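**Q** Take this structure first; my questions come after.
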Amino acid sequence: MSSRASTIIFRQGDTIFREGEAGDHALLIKSGAVSISRRGREGEVPLGTCGPGDVIGEMAIIDDSPRSATAIAAEETEVAVIKRHQLLDRLDQADPVIARIVRTLMRRFRGTEAVLLAEGDSEALRQGLTAPESNPTAAMGAYGDLLREREVEDAFAEGQFEAFYQPVVALGGNSPTGFTPVGFEALVRWRHPSRGIMAPEVFAHLAEKSGLIVPLDRHVFGLAAAFLNQADASLEGEPMTMSVNLSSRQFRDFGIVTGVEHAMWNAGLDPRRLQVEVTESTLIFDSSTARMVVSRLVDLGVGLTLDDFGTGYSSLSYLIQFPFSVLKIDRSFVDSVLQSETSEKVVRSIVGLADSKDLGTVAEGIERTDQQNRLRALGCRQGQGYLYAPPMLPDEAIAWVRETRNH
Ligand code: C2E
Ligand code: CA
Ligand code: CA
């Protein structure tokens, strides 16, 4: 046996590990061949041969049992060592349900193995069949996640998700209130039969994990388009725009493009009145598909807003690669624009950047008049926040616009 940096080379006939030993690492075979065998009643029983790409010795690490087989190099073999913590860290970081399935499969396998080896020994047979779950708390945690995801899916099937609408206002102009309603942002809510109305922080991560976010976003989209029609019918003056939030999952295929086309067509609406809001992290994954999906949406006339701007990488290359029309200044800068020079500088530079590329700016989370005034002075064109109105039911949102316009 000889060893290079993180790999080990075994000569033909070398023992790599032996049945019954404690295991503190697994091995990835890079080249060569390894014979696996275990002790039977009549001597060593060959189980098979592993080759390049196979991992051996991983089982003892996952369930902390002694090596269940012997591995011998069948020819000169190079292996990379995977330390116990490297494997367990990955398992810990995996989706808890996946980690649980791996551990359960492991336990079942060990149980089955014990039954096969018992060969009629009734005590060994009993132990094999009833091997206890080693970490019942983690098992219940993973089970709890599955139940909560299922609950959200059932609620969606029962029609418990709806959209609230928060007005977006223009900060310029000479209206007596100092602002003019120009659009809405649709924000999803879960109307739970006993717990009442719940915001996305309660369920968005569950919907993301289970994939429900894809139909959920489309549902909100359809509602938002229908609501815009309702607003057109009840309001006089400039037609309002609509912003919807899309999860990164919508950018992995073209389903959203047809979804948007249908929703706008069904509602008889001009796609140019629609903005889709995405965060930078949305576009980081698989940017080539994301870029094509975005360009199809933009071809339809839909506008693209970069949400939470200033919090992510804020890499200028995104601004060049993707055809954004609006930058939404994150609430954290709006919160501190009066107290922190840095925040003020950030806002100033976002506005400068937007102006130079002829993009719109929306400051989100404006709660006080002094914040509004400073943002306006810094050149920010639009705003949104509790100072104007919270996210509201459709009828309330329309009534708010009507009253504000009549002021
Ligand atoms: P976001 O897109 O950044 O939305 C703005 C959030 O700030 C909303 O929270 C809104 O209610 C809240 N907000 C508005 N004005 C103020 C203010 O003056 N002060 C404070 N403190 N908060 C304000 P919400 O509705 O809980 O939504 C949270 C996030 O969930 C959204 O952040 C968005 O990322 C996501 N989301 C909401 N609806 C949808 C949806 O239909 N689809 C997807 N994929 N995500 C959604
Ligand atoms: Ca948003
Ligand atoms: Ca935001």
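Residues are referred to by chain and number: the chain letter is A, B, ... according to the order shown in the structure tokens, the number counts from 1 in that chain, and ligands are numbered separately from 1 in the order shown.
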Tell me, counting only C-alpha atoms and all ligand atoms, for each residue of chain A within 6 Å of ligand 2, which pair of atoms is nearest and how far apart they are in Å to one decimal, in rows ordered by chain and increasing number, as CSV.
**A**
```
residue,atom,partner,partner_atom_place_in_ligand_line,distance
A:Asn245,CA,ligand 2,1 (Ca),5.3
A:Glu277,CA,ligand 2,1 (Ca),5.6
A:Asp307,CA,ligand 2,1 (Ca),5.6
```
**Q** Please write the residues from the selection above to a file, keeping N, CA, C and O atoms, as a compact mmCIF listing (two decimals), in the first residue's frame.
**A**
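So selection-v2.txt came out as:
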```
# COMPACT_ATOMS: atom_id res chain seq x y z
N ASN A 245 -44.75 37.94 -7.55
CA ASN A 245 -43.46 37.35 -7.17
C ASN A 245 -43.38 35.94 -7.74
O ASN A 245 -44.35 35.18 -7.68
N GLU A 277 -41.50 39.83 -10.34
CA GLU A 277 -40.42 40.17 -9.41
C GLU A 277 -39.61 38.92 -9.09
O GLU A 277 -40.16 37.88 -8.74
N ASP A 307 -36.03 42.22 -7.22
CA ASP A 307 -36.54 42.44 -5.86
C ASP A 307 -35.38 42.43 -4.85
O ASP A 307 -34.32 41.87 -5.13
```
**Q** Residues within 12 Å of ligand 3, counting only C-alpha atoms and all ligand atoms: report them as a PyMOL selection string.
**A** chain A and resi 185-187+243-246+276-280+305-312+327-334+362-366+383-385
**Q** Where does DSSP see strand (DSSP E) in segment 179-241 of chain A, if you list the residues as a PyMOL selection string?
**A** chain A and resi 180-192+196-198+241
**Q** What does the distance between atom CA of Leu274 of chain A and atom CA of Leu304 of chain A come to in Å, to one decimal place?
**A**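 If I compute the distance from atom CA of Leu274 of chain A to atom CA of Leu304 of chain A, I get 8.7 Å.
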**Q** Would you please work out which residue, of A:Ile256, A:Gly40, A:Asp24, A:Gly159, is nearest to His85 of chain A when using only C-alpha atoms?
**A**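 Closest candidate: A:Asp24.
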**Q** Compare A:Met106, A:Val346, A:Val79, A:Met242 by their minimum atom-to-atom distance to Gln166 of chain A, counting only C-alpha atoms, and give me the closest one.
**A**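 Using only C-alpha atoms, the shortest distance to Gln166 of chain A belongs to A:Met242.
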**Q** Using only C-alpha atoms, which residue out of A:Arg110, A:Arg291, A:Lys209, A:Arg376 lies closest to Asp64 of chain A?
**A** A:Arg110
**Q** In Å, rounded to a single decimal, give me how far atom CA of Val220 of chain A is from atom CA of Gln160 of chain A.
**A**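 Between atom CA of Gln160 of chain A and atom CA of Val220 of chain A the gap works out to 11.7 Å.
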**Q** Give me, as a ChimeraX atom specification, all polymer residues having an atom no more than 10 Å from Asp395 of chain A, counting only C-alpha atoms and skipping those fewer than 5 positions away in the same chain.
**A** /A:164-165,227,230-231,234,400
**Q** Would you write out those residues with N, CA and C atoms, as a short mmCIF file (atom, residue, chain, number, x, y, z; two decimals), in the first residue's frame?
**A**
```cif
data_model
loop_
_atom_site.label_atom_id
_atom_site.label_comp_id
_atom_site.auth_asym_id
_atom_site.auth_seq_id
_atom_site.Cartn_x
_atom_site.Cartn_y
_atom_site.Cartn_z
N PHE A 164 -53.48 38.96 -1.53
CA PHE A 164 -53.75 40.29 -1.02
C PHE A 164 -52.99 41.25 -1.93
N TYR A 165 -53.41 42.50 -1.93
CA TYR A 165 -52.79 43.46 -2.85
C TYR A 165 -52.31 44.68 -2.09
N PHE A 227 -58.06 40.17 -10.80
CA PHE A 227 -58.23 41.35 -9.94
C PHE A 227 -57.97 42.64 -10.73
N GLN A 230 -60.95 43.54 -12.51
CA GLN A 230 -61.95 44.08 -11.59
C GLN A 230 -61.61 45.56 -11.28
N ALA A 231 -60.31 45.82 -11.07
CA ALA A 231 -59.87 47.19 -10.77
C ALA A 231 -60.16 48.10 -11.96
N SER A 234 -63.70 49.11 -11.99
CA SER A 234 -64.21 49.95 -10.91
C SER A 234 -63.48 51.28 -10.72
N TRP A 400 -59.25 51.71 -1.59
CA TRP A 400 -58.14 52.58 -1.16
C TRP A 400 -57.66 53.46 -2.33
#
```
**Q** With only C-alpha atoms as the counted atoms, please give the residues lying no more than 12 Å from segment 177-180 of chain A, apart from itself and same-chain residues fewer than 5 positions off, as a count of residues only.
**A** 28
**Q** Counting only C-alpha atoms and all ligand atoms, figure out which residue out of A:Thr258, A:Asn229, A:Ser248, A:Asn266 gets nearest to ligand 1.
**A**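 Closest to ligand 1 of all the choices is A:Ser248.
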**Q** Taking only C-alpha atoms and all ligand atoms into account, name the residue in A:Ala114, A:Leu216, A:Ile36, A:Ala60 that is nearest to ligand 1.
**A**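 Nearest candidate to ligand 1 out of A:Ala114, A:Leu216, A:Ile36, A:Ala60: A:Leu216.
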